[in-house]
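J.: Input file: run37.cif. Contents: mmCIF, C-alpha atoms.
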data_upload
#
loop_
_atom_site.label_atom_id
_atom_site.label_comp_id
_atom_site.auth_asym_id
_atom_site.auth_seq_id
_atom_site.Cartn_x
_atom_site.Cartn_y
_atom_site.Cartn_z
CA MET L 1 31.05 151.17 158.28
CA PRO L 2 33.99 150.74 155.91
CA ARG L 3 36.42 153.60 155.78
CA CYS L 4 38.35 154.66 152.74
CA SER L 5 41.75 155.97 153.70
CA ILE L 6 44.37 157.32 151.34
CA PRO L 7 46.85 154.42 151.82
CA ASP L 8 44.04 151.95 151.01
CA MET L 9 43.21 153.83 147.84
CA ARG L 10 46.88 153.86 146.84
CA GLU L 11 47.14 150.14 147.54
CA GLU L 12 44.06 149.48 145.45
CA LYS L 13 45.48 151.61 142.64
CA SER L 14 48.76 149.69 142.75
CA HIS L 15 46.87 146.40 142.70
CA ARG L 16 45.01 147.62 139.62
CA SER L 17 48.27 148.67 137.98
CA LEU L 18 49.78 145.28 138.74
CA ASP L 19 46.80 143.54 137.16
CA ARG L 20 47.01 145.73 134.07
CA LEU L 21 50.70 144.92 133.66
CA ILE L 22 50.20 141.19 134.12
CA TYR L 23 47.27 141.08 131.71
CA ALA L 24 49.42 142.96 129.20
CA GLY L 25 51.92 140.12 129.36
CA ILE L 26 54.53 141.45 131.78
CA ALA L 27 55.86 138.65 133.98
CA PRO L 28 54.30 138.96 137.48
CA ARG L 29 57.70 139.21 139.16
CA ARG L 30 58.89 141.97 136.83
CA ALA L 31 55.57 143.84 137.13
CA ARG L 32 55.83 143.79 140.95
CA ARG L 33 59.42 144.97 140.79
CA ILE L 34 58.67 147.88 138.45
CA LEU L 35 55.84 149.12 140.69
CA ARG L 36 57.94 148.64 143.81
CA GLU L 37 60.85 150.63 142.35
CA PHE L 38 58.45 153.36 141.26
CA SER L 39 56.89 153.57 144.69
CA ASP L 40 60.33 153.66 146.39
CA HIS L 41 61.39 156.43 144.03
CA HIS L 42 58.26 158.38 145.00
CA ALA L 43 59.10 157.91 148.69
CA ASP L 44 62.66 159.15 148.07
CA LEU L 45 61.41 162.24 146.26
CA VAL L 46 58.94 163.02 149.06
CA ALA L 47 61.71 162.61 151.64
CA GLU L 48 63.96 164.92 149.58
CA GLN L 49 61.24 167.60 149.51
CA LEU L 50 60.47 167.21 153.21
CA ALA L 51 64.17 167.65 153.99
CA GLN L 52 63.99 170.98 152.19
CA GLY L 53 61.33 172.08 154.67
CA VAL L 54 58.15 171.92 152.58
CA ASP L 55 54.98 170.42 154.04
CA ARG L 56 53.83 166.90 153.14
CA ALA L 57 51.09 167.93 150.70
CA GLU L 58 53.52 170.09 148.75
CA ALA L 59 56.19 167.39 148.91
CA GLU L 60 53.75 164.80 147.51
CA ALA L 61 52.71 167.18 144.72
CA ALA L 62 56.32 167.98 143.78
CA ALA L 63 57.25 164.30 143.85
CA GLY L 64 54.29 163.44 141.61
CA LYS L 65 55.27 166.17 139.17
CA ARG L 66 58.83 164.94 138.87
CA LEU L 67 58.06 161.25 138.76
CA GLY L 68 54.86 161.22 136.67
CA THR L 69 51.83 159.12 137.48
CA GLU L 70 51.59 155.38 137.94
CA GLU L 71 49.16 155.30 134.98
CA GLN L 72 51.85 156.85 132.76
CA LEU L 73 54.36 154.29 133.97
CA VAL L 74 51.98 151.41 133.28
CA ALA L 75 51.16 152.76 129.79
CA ASP L 76 54.87 153.21 129.03
CA VAL L 77 55.70 149.67 130.15
CA ILE L 78 52.80 148.20 128.15
CA ASP L 79 53.97 150.11 125.07
CA ARG L 80 57.25 148.19 125.09
CA PRO L 81 56.74 144.75 123.52
CA GLY L 82 60.28 143.82 124.56
CA LEU L 83 59.17 143.74 128.20
CA ARG L 84 56.44 141.18 127.58
CA CYS L 85 57.35 137.70 128.72
CA TRP L 86 58.24 135.03 126.22
CA SER L 87 55.06 133.05 126.83
CA ARG L 88 52.92 136.08 125.93
CA ARG L 89 54.84 136.75 122.74
CA ARG L 90 54.61 133.11 121.60
CA PRO L 91 51.59 131.66 123.44
CA GLY L 92 51.18 128.81 120.97
CA VAL L 93 54.68 127.54 121.67
CA ALA L 94 54.55 128.24 125.41
CA PHE L 95 51.11 126.81 126.14
CA ALA L 96 50.66 124.12 123.48
CA VAL L 97 53.85 122.88 121.79
CA ALA L 98 56.24 123.03 124.76
CA PRO L 99 53.85 121.37 127.28
CA VAL L 100 53.16 118.47 124.89
CA LEU L 101 56.90 117.97 124.32
CA LEU L 102 57.48 118.18 128.06
CA PHE L 103 54.77 115.62 128.65
CA ALA L 104 56.35 113.26 126.09
CA LEU L 105 59.73 113.74 127.77
CA SER L 106 58.25 113.02 131.21
CA PHE L 107 56.62 109.86 129.85
CA GLY L 108 59.94 108.73 128.38
CA ALA L 109 61.87 109.64 131.53
CA SER L 110 59.41 107.69 133.71
CA LEU L 111 59.79 104.63 131.48
CA LEU L 112 63.56 104.91 131.67
CA MET L 113 63.28 105.11 135.46
CA PHE L 114 61.17 101.91 135.53
CA ILE L 115 63.66 100.16 133.24
CA ALA L 116 66.55 101.31 135.44
CA LEU L 117 64.81 99.98 138.56
CA VAL L 118 64.19 96.60 136.93
CA GLN L 119 67.76 96.43 135.60
CA TRP L 120 69.09 97.27 139.05
CA ARG L 121 67.14 94.36 140.51
CA LYS L 122 68.48 92.15 137.72
CA PHE L 123 72.01 93.32 138.48
CA LEU L 124 71.52 92.43 142.15
CA GLY L 125 70.37 89.00 141.07
CA ALA L 126 66.87 89.44 142.53
CA PRO L 127 64.00 87.58 140.85
CA LEU L 128 61.72 89.59 138.53
CA THR L 129 58.45 88.11 139.69
CA GLY L 130 55.23 89.61 141.00
CA ALA L 131 56.45 88.99 144.53
CA ALA L 132 59.34 91.45 144.17
CA GLY L 133 58.58 94.84 145.79
CA THR L 134 59.80 97.18 143.04
CA VAL L 135 58.46 95.04 140.23
CA ARG L 136 55.11 94.66 141.99
CA TRP L 137 54.94 98.43 142.51
CA ILE L 138 55.61 99.09 138.82
CA SER L 139 53.09 96.46 137.87
CA GLU L 140 50.37 97.81 140.18
CA TYR L 141 50.87 101.55 140.02
CA GLY L 142 53.04 102.14 136.94
CA ALA L 143 50.14 102.00 134.49
CA ALA L 144 47.93 104.23 136.65
CA TYR L 145 50.78 106.73 136.98
CA LEU L 146 51.74 106.78 133.29
CA LEU L 147 48.30 106.53 131.71
CA TRP L 148 46.28 108.67 134.13
CA GLY L 149 48.49 110.45 136.66
CA LEU L 150 50.99 111.94 134.24
CA PRO L 151 48.44 113.42 131.76
CA LEU L 152 46.34 114.73 134.66
CA ALA L 153 49.37 116.28 136.36
CA GLY L 154 50.63 117.77 133.07
CA ALA L 155 47.25 119.25 132.17
CA SER L 156 46.68 120.60 135.70
CA THR L 157 50.15 122.17 135.85
CA LEU L 158 49.52 123.83 132.49
CA ALA L 159 46.13 125.13 133.68
CA ALA L 160 47.71 126.54 136.87
CA ALA L 161 50.58 128.17 134.96
CA ALA L 162 48.21 129.75 132.44
CA ALA L 163 45.90 131.04 135.16
CA HIS L 164 48.88 132.41 137.12
CA SER L 165 50.17 134.34 134.13
CA ARG L 166 46.59 135.41 133.29
CA GLU L 167 46.94 134.13 129.75
CA THR L 168 43.93 135.24 127.73
CA SER L 169 44.38 133.24 124.50
CA ILE L 170 42.88 129.84 123.70
CA TRP L 171 46.31 128.18 123.66
CA PRO L 172 46.25 126.83 127.23
CA GLY L 173 42.95 125.08 126.41
CA VAL L 174 44.51 123.65 123.24
CA GLY L 175 47.57 122.54 125.23
CA ILE L 176 45.45 120.79 127.88
CA VAL L 177 43.47 118.90 125.23
CA LEU L 178 46.64 117.94 123.32
CA ILE L 179 48.37 116.60 126.45
CA CYS L 180 45.32 114.53 127.31
CA VAL L 181 44.88 113.22 123.75
CA VAL L 182 48.56 112.25 123.50
CA GLY L 183 48.32 110.76 127.01
CA ALA L 184 45.25 108.74 125.97
CA LEU L 185 47.12 107.31 122.98
CA THR L 186 49.87 105.87 125.15
CA ASN L 187 49.83 102.35 126.53
CA PHE L 188 51.80 100.53 129.17
CA SER L 189 51.60 97.05 130.59
CA VAL L 190 53.64 94.69 132.73
CA ASP L 191 53.40 90.92 132.47
CA LEU L 192 54.94 89.16 135.42
CA ALA L 193 56.28 85.66 135.90
CA PRO L 194 55.03 83.14 136.90
CA LEU L 195 51.82 84.14 135.04
CA VAL L 196 53.94 84.34 131.88
CA GLN L 197 57.17 82.54 131.14
CA ALA L 198 59.35 85.64 131.41
CA SER L 199 58.38 89.01 132.93
CA SER L 200 58.09 91.81 130.39
CA MET L 201 57.21 95.49 130.26
CA THR L 202 55.70 97.07 127.14
CA ALA L 203 54.91 100.70 126.39
CA GLY L 204 54.03 102.64 123.27
CA ILE L 205 51.82 105.14 121.54
CA GLY L 206 49.15 104.50 118.94
CA ILE L 207 45.46 104.17 118.21
CA SER L 208 43.40 101.21 117.16
CA THR L 209 40.54 101.98 114.79
CA ASP L 210 38.61 99.11 116.37
CA HIS L 211 38.81 100.58 119.86
CA ILE L 212 38.65 104.31 119.26
CA SER L 213 36.15 105.05 122.03
CA ALA L 214 38.42 103.97 124.91
CA PRO L 215 41.22 106.50 124.24
CA LEU L 216 38.67 109.20 123.53
CA LEU L 217 37.00 108.56 126.88
CA ARG L 218 40.38 108.55 128.61
CA ALA L 219 41.30 111.86 126.95
CA ALA L 220 37.97 113.39 127.99
CA ALA L 221 38.26 112.07 131.55
CA THR L 222 41.74 113.56 132.02
CA ALA L 223 41.09 116.82 130.17
CA ALA L 224 37.78 117.63 131.87
CA PRO L 225 39.11 118.29 135.42
CA ALA L 226 41.95 120.49 134.14
CA LEU L 227 39.70 122.40 131.74
CA LEU L 228 37.09 122.92 134.46
CA ALA L 229 39.71 124.12 136.95
CA TYR L 230 41.13 126.47 134.31
CA ALA L 231 37.67 127.84 133.46
CA TRP L 232 36.96 128.28 137.18
CA ALA L 233 40.23 130.19 137.68
CA ARG L 234 39.64 132.28 134.56
CA HIS L 235 36.09 133.30 135.47
CA PRO L 236 37.00 136.00 138.05
CA GLN L 237 39.89 137.05 135.80
CA ARG L 238 37.47 137.77 132.94
CA ARG L 239 35.53 140.04 135.30
CA GLU L 240 38.81 141.75 136.24
CA ILE L 241 39.60 142.32 132.55
CA ASP L 242 36.16 143.92 132.07
CA THR L 243 36.78 146.15 135.10
CA LEU L 244 40.29 147.09 133.96
CA SER L 245 39.19 147.91 130.43
CA SER L 246 36.14 149.91 131.57
CA MET P 1 64.07 160.58 123.71
CA SER P 2 64.28 156.89 124.50
CA GLY P 3 67.65 156.66 122.71
CA ILE P 4 69.01 159.56 124.75
CA SER P 5 67.80 158.03 128.04
CA GLU P 6 69.41 154.74 127.02
CA LEU P 7 72.73 156.43 126.22
CA LEU P 8 72.72 158.47 129.44
CA LEU P 9 71.78 155.52 131.64
CA LEU P 10 74.44 153.27 130.17
CA ARG P 11 77.04 156.04 130.41
CA LEU P 12 76.26 156.74 134.08
CA LEU P 13 76.17 153.08 134.98
CA ALA P 14 79.54 152.58 133.30
CA GLU P 15 80.99 154.60 136.21
CA ARG P 16 79.30 152.79 139.09
CA GLN P 17 76.18 150.84 139.99
CA MET P 18 73.15 152.94 140.96
CA TYR P 19 69.44 152.59 141.76
CA GLY P 20 66.61 154.45 140.04
CA TYR P 21 66.39 157.54 142.24
CA GLU P 22 70.17 157.94 142.21
CA LEU P 23 70.21 157.65 138.43
CA ALA P 24 67.52 160.31 138.06
CA ARG P 25 69.55 162.68 140.24
CA ALA P 26 72.72 161.88 138.33
CA ILE P 27 71.01 162.58 135.00
CA ARG P 28 69.75 165.93 136.23
CA SER P 29 73.11 167.01 137.57
CA THR P 30 75.29 165.72 134.71
CA THR P 31 73.04 167.24 132.03
CA ARG P 32 72.86 170.49 134.05
CA HIS P 33 69.08 170.12 134.22
CA ALA P 34 68.90 170.29 130.40
CA ILE P 35 66.98 167.03 130.25
CA SER P 36 63.80 166.98 132.27
CA VAL P 37 61.61 163.96 131.61
CA GLY P 38 59.26 162.34 134.09
CA GLU P 39 61.63 160.32 136.26
CA GLY P 40 59.21 157.39 136.08
CA VAL P 41 60.22 156.99 132.43
CA LEU P 42 63.53 155.55 133.64
CA TYR P 43 62.05 152.28 134.82
CA PRO P 44 60.69 150.97 131.52
CA VAL P 45 64.05 151.89 129.92
CA LEU P 46 66.06 150.24 132.71
CA HIS P 47 63.99 147.07 132.51
CA THR P 48 64.26 146.97 128.71
CA LEU P 49 68.05 147.31 128.93
CA GLU P 50 68.14 144.58 131.56
CA ARG P 51 65.98 142.35 129.39
CA ARG P 52 68.38 142.83 126.47
CA GLY P 53 71.22 141.75 128.70
CA TRP P 54 72.98 145.12 128.81
CA LEU P 55 72.27 145.71 132.48
CA LYS P 56 72.03 143.45 135.46
CA ALA P 57 69.98 144.22 138.53
CA ARG P 58 70.84 143.23 142.07
CA ARG P 59 68.86 143.81 145.25
CA ARG P 60 70.73 145.32 148.16
CA ILE P 61 69.52 146.44 151.54
CA VAL P 62 70.70 149.95 152.35
CA ASN P 63 69.63 151.64 155.61
CA GLY P 64 66.90 149.04 156.09
CA ARG P 65 65.45 149.60 152.61
CA THR P 66 65.71 147.29 149.65
CA ARG P 67 67.23 148.97 146.64
CA VAL P 68 67.57 147.55 143.15
CA TYR P 69 71.02 148.46 141.92
CA TYR P 70 71.76 148.38 138.22
CA SER P 71 75.17 147.77 136.72
CA LEU P 72 76.53 147.37 133.23
CA THR P 73 77.27 143.96 131.77
CA ARG P 74 80.06 143.25 129.31
CA GLY P 75 77.50 143.36 126.49
CA GLY P 76 76.26 146.67 127.89
CA ARG P 77 79.75 148.15 127.68
CA ARG P 78 80.07 147.05 124.06
CA HIS P 79 76.65 148.53 123.26
CA LEU P 80 77.58 151.77 125.04
CA LYS P 81 80.70 152.08 122.88
CA LYS P 82 78.63 151.60 119.75
CA ILE P 83 75.86 154.06 120.59
CA THR P 84 78.38 156.62 121.84
CA LEU P 85 80.11 156.53 118.46
CA ASP P 86 76.71 156.78 116.72
CA TRP P 87 75.76 159.73 118.92
CA ARG P 88 79.07 161.55 118.28
CA ARG P 89 78.69 161.05 114.54
CA ILE P 90 75.11 162.36 114.56
CA SER P 91 75.71 165.27 116.94
CA GLY P 92 78.89 166.17 115.02
CA GLY P 93 76.88 166.25 111.83
CA VAL P 94 74.18 168.41 113.40
CA ASP P 95 76.81 170.75 114.88
CA ALA P 96 78.48 171.09 111.48
CA ALA P 97 75.15 172.04 109.94
CA LEU P 98 74.33 174.51 112.72
CA LEU P 99 77.76 176.16 112.57
CA ASP P 100 77.82 176.41 108.80
CA PRO P 101 78.06 180.18 108.10
CA ARG P 102 75.86 179.81 105.04
CA TYR P 103 72.91 178.97 107.29
CA ALA P 104 73.81 181.10 110.31
#
Rewrite the structure of this file - the entire thing - as structure tokens.

T.:
Amino acid sequence: MPRCSIPDMREEKSHRSLDRLIYAGIAPRRARRILREFSDHHADLVAEQLAQGVDRAEAEAAAGKRLGTEEQLVADVIDRPGLRCWSRRRPGVAFAVAPVLLFALSFGASLLMFIALVQWRKFLGAPLTGAAGTVRWISEYGAAYLLWGLPLAGASTLAAAAAHSRETSIWPGVGIVLICVVGALTNFSVDLAPLVQASSMTAGIGISTDHISAPLLRAAATAAPALLAYAWARHPQRREIDTLSS
Amino acid sequence: MSGISELLLLRLLAERQMYGYELARAIRSTTRHAISVGEGVLYPVLHTLERRGWLKARRRIVNGRTRVYYSLTRGGRRHLKKITLDWRRISGGVDAALLDPRYA
């Protein structure tokens, strides 16, 4: 038989307050800190009253009167737009523009890393053939990493971040699709000697009107897992929003 | 009321760093209990001031309990100077009106 004790009820209330703050756009860390400070203040007030010789019930009542209720605190915090995190004030930038730029930067940085590895081998005087370890690794896994791994990782990270901050707008979905579309438009290939005269590495971004289905399929294949995971994470959150607003 | 809380908090924190409960006590004693707002109101104000860069918060463990101590930043001191001057100008103006014998 489940029991409902006062501390449990208070904990549940605090959990509800935390959810309300996070859904309102307060950063989770700040929301936790505000509630923690409030609860510590309450404990200090109760201790102050107890030290004056009043009983616990009276001390709790006096502390509540001086401090106000947690609901008032939550309402007051929500009323201050300045306390909302940046991503909630500009969700389009935070969950669509910035992630796509970050993805493009990661793509470029990865390419630079590959080039640096190849140049390092060149500098050491090692042959740039398919037999060489680093070159073979780039040739075998580089394309999979850049064309599939990076868009998937970017979209999944965005989905996780949006779910963590309980973002309610459509922007995370837009961001996931954009990352995967941009990712699907990229290309990367390595041609190694002795199959060709001189080893070469090519990368770029673009779309061919003759082969439009392939990038579309790639975009769909990378976006689908992230979108599904995001929808799965958001489902219980939607129920929480209904509960909190009821 | 928010402007008054802001002014009082910055003024008190200009003296020394304090945590929420200490600040509430300091406000009550320095204003001779003239200002009595729900003490919970302090936290949204403190966090807003911190967000604007006028306060910085630091966790410290005191007697086994974690306290969040607030202190004024350089920007906070500049802002305090400005709002103190604003407050003096306004309260001086109100005083002048209240003490004007024509309206006494």

J.: Applying the PyMOL selection byres ((chain L and resi 95-99) around 12) to the file I just gave you, which residues come out? Please list them as a VMD selection string.

T.: chain L and resid 86 to 94 100 to 106 151 153 to 163 165 167 to 180 182 to 183

J.: Just need the residues of chain P within 7 Å of chain L, counting all atoms listed in the file, so spit them out as a PyMOL selection string.

T.: chain P and resi 20-21+38-41+43-44+48

J.: Given the selection you just returned, output its residues as a file containing C-alpha atoms, formatted as a tab-separated table (two decimals), keeping the file's coordinate frame.

T.:
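Final output, part.tsv:
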chain	number	residue	atom	x	y	z
P	20	GLY	CA	66.61	154.45	140.04
P	21	TYR	CA	66.39	157.54	142.24
P	38	GLY	CA	59.26	162.34	134.09
P	39	GLU	CA	61.63	160.32	136.26
P	40	GLY	CA	59.21	157.39	136.08
P	41	VAL	CA	60.22	156.99	132.43
P	43	TYR	CA	62.05	152.28	134.82
P	44	PRO	CA	60.69	150.97	131.52
P	48	THR	CA	64.26	146.97	128.71

J.: Rounded to one decimal in Å, what is the spacing between atom CA of P:Arg74 and atom CA of P:Trp54?

T.: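 Taking atom CA of P:Arg74 and atom CA of P:Trp54, their separation equals 7.3 Å.
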
J.: Taking the file as I've supplied it (selection: the PyMOL selection byres ((chain P and resi 87-101) around 12)), which residues are included? Please answer as a list in words.

T.: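 In the shown coordinates, the PyMOL selection byres ((chain P and resi 87-101) around 12) covers Gly3, Ile4, Glu6, Leu7, Leu8, Leu80, Lys81, Lys82, Ile83, Thr84, Leu85, Asp86, Arg102, Tyr103 and Ala104 of chain P.
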
J.: What gap, in Å, lies between atom CA of L:Gly149 and atom CA of L:Thr222?

T.: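 One can read the atom CA of L:Gly149 to atom CA of L:Thr222 distance as 8.8 Å.
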
J.: With the PyMOL selection byres ((chain P and resi 25-33) around 9) as the selection, what would be picked from this file? Answer as an MDAnalysis selection string, please.

T.: chainID P and resid 5 8:9 12 20:24 34:36

J.: Would you compute, for all listed atoms of stretch 4-19 of chain P, the axis-aligned bounding box grown by 8 Å on each side, and then report its centre and edge lengths in Å rounded to one decimal, as JSON?

T.:
{"center_x": 74.4, "center_y": 155.2, "center_z": 133.3, "size_x": 29.2, "size_y": 24.7, "size_z": 33.0}

J.: Atom CA of L:Gly125 and atom CA of L:Tyr141, how far apart in Å?

T.: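 For atom CA of L:Tyr141 relative to atom CA of L:Gly125, the distance reads 23.2 Å.
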
J.: Which residues are near stretch 109-116 of chain L? Cut-off 12 Å, all atoms listed in the file, ignore same chain within fewer than 4 positions. Put them as an mmCIF file with C-alpha atoms, in the frame of the given file.

T.:
data_model
loop_
_atom_site.group_PDB
_atom_site.id
_atom_site.type_symbol
_atom_site.label_atom_id
_atom_site.label_comp_id
_atom_site.auth_asym_id
_atom_site.auth_seq_id
_atom_site.Cartn_x
_atom_site.Cartn_y
_atom_site.Cartn_z
ATOM 1 C CA LEU L 102 57.480 118.180 128.060
ATOM 2 C CA PHE L 103 54.770 115.620 128.650
ATOM 3 C CA ALA L 104 56.350 113.260 126.090
ATOM 4 C CA LEU L 105 59.730 113.740 127.770
ATOM 5 C CA TRP L 120 69.090 97.270 139.050
ATOM 6 C CA ARG L 121 67.140 94.360 140.510
ATOM 7 C CA LYS L 122 68.480 92.150 137.720
ATOM 8 C CA PHE L 123 72.010 93.320 138.480
ATOM 9 C CA LEU L 128 61.720 89.590 138.530
ATOM 10 C CA THR L 134 59.800 97.180 143.040
ATOM 11 C CA VAL L 135 58.460 95.040 140.230
ATOM 12 C CA ARG L 136 55.110 94.660 141.990
ATOM 13 C CA TRP L 137 54.940 98.430 142.510
ATOM 14 C CA ILE L 138 55.610 99.090 138.820
ATOM 15 C CA SER L 139 53.090 96.460 137.870
ATOM 16 C CA TYR L 141 50.870 101.550 140.020
ATOM 17 C CA GLY L 142 53.040 102.140 136.940
ATOM 18 C CA ALA L 143 50.140 102.000 134.490
ATOM 19 C CA TYR L 145 50.780 106.730 136.980
ATOM 20 C CA LEU L 146 51.740 106.780 133.290
ATOM 21 C CA LEU L 147 48.300 106.530 131.710
ATOM 22 C CA GLY L 149 48.490 110.450 136.660
ATOM 23 C CA LEU L 150 50.990 111.940 134.240
ATOM 24 C CA THR L 186 49.870 105.870 125.150
ATOM 25 C CA ASN L 187 49.830 102.350 126.530
ATOM 26 C CA PHE L 188 51.800 100.530 129.170
ATOM 27 C CA SER L 189 51.600 97.050 130.590
ATOM 28 C CA VAL L 190 53.640 94.690 132.730
ATOM 29 C CA SER L 200 58.090 91.810 130.390
ATOM 30 C CA MET L 201 57.210 95.490 130.260
ATOM 31 C CA THR L 202 55.700 97.070 127.140
ATOM 32 C CA ALA L 203 54.910 100.700 126.390
ATOM 33 C CA GLY L 204 54.030 102.640 123.270
#

J.: Can you pull out the residues contacting P:Gly53? Cut-off 10 Å, using all atoms listed in the file, and skip same-chain residues under 2 positions away; I want them as a PyMOL selection string.

T.: chain P and resi 47-51+55-56+72-76
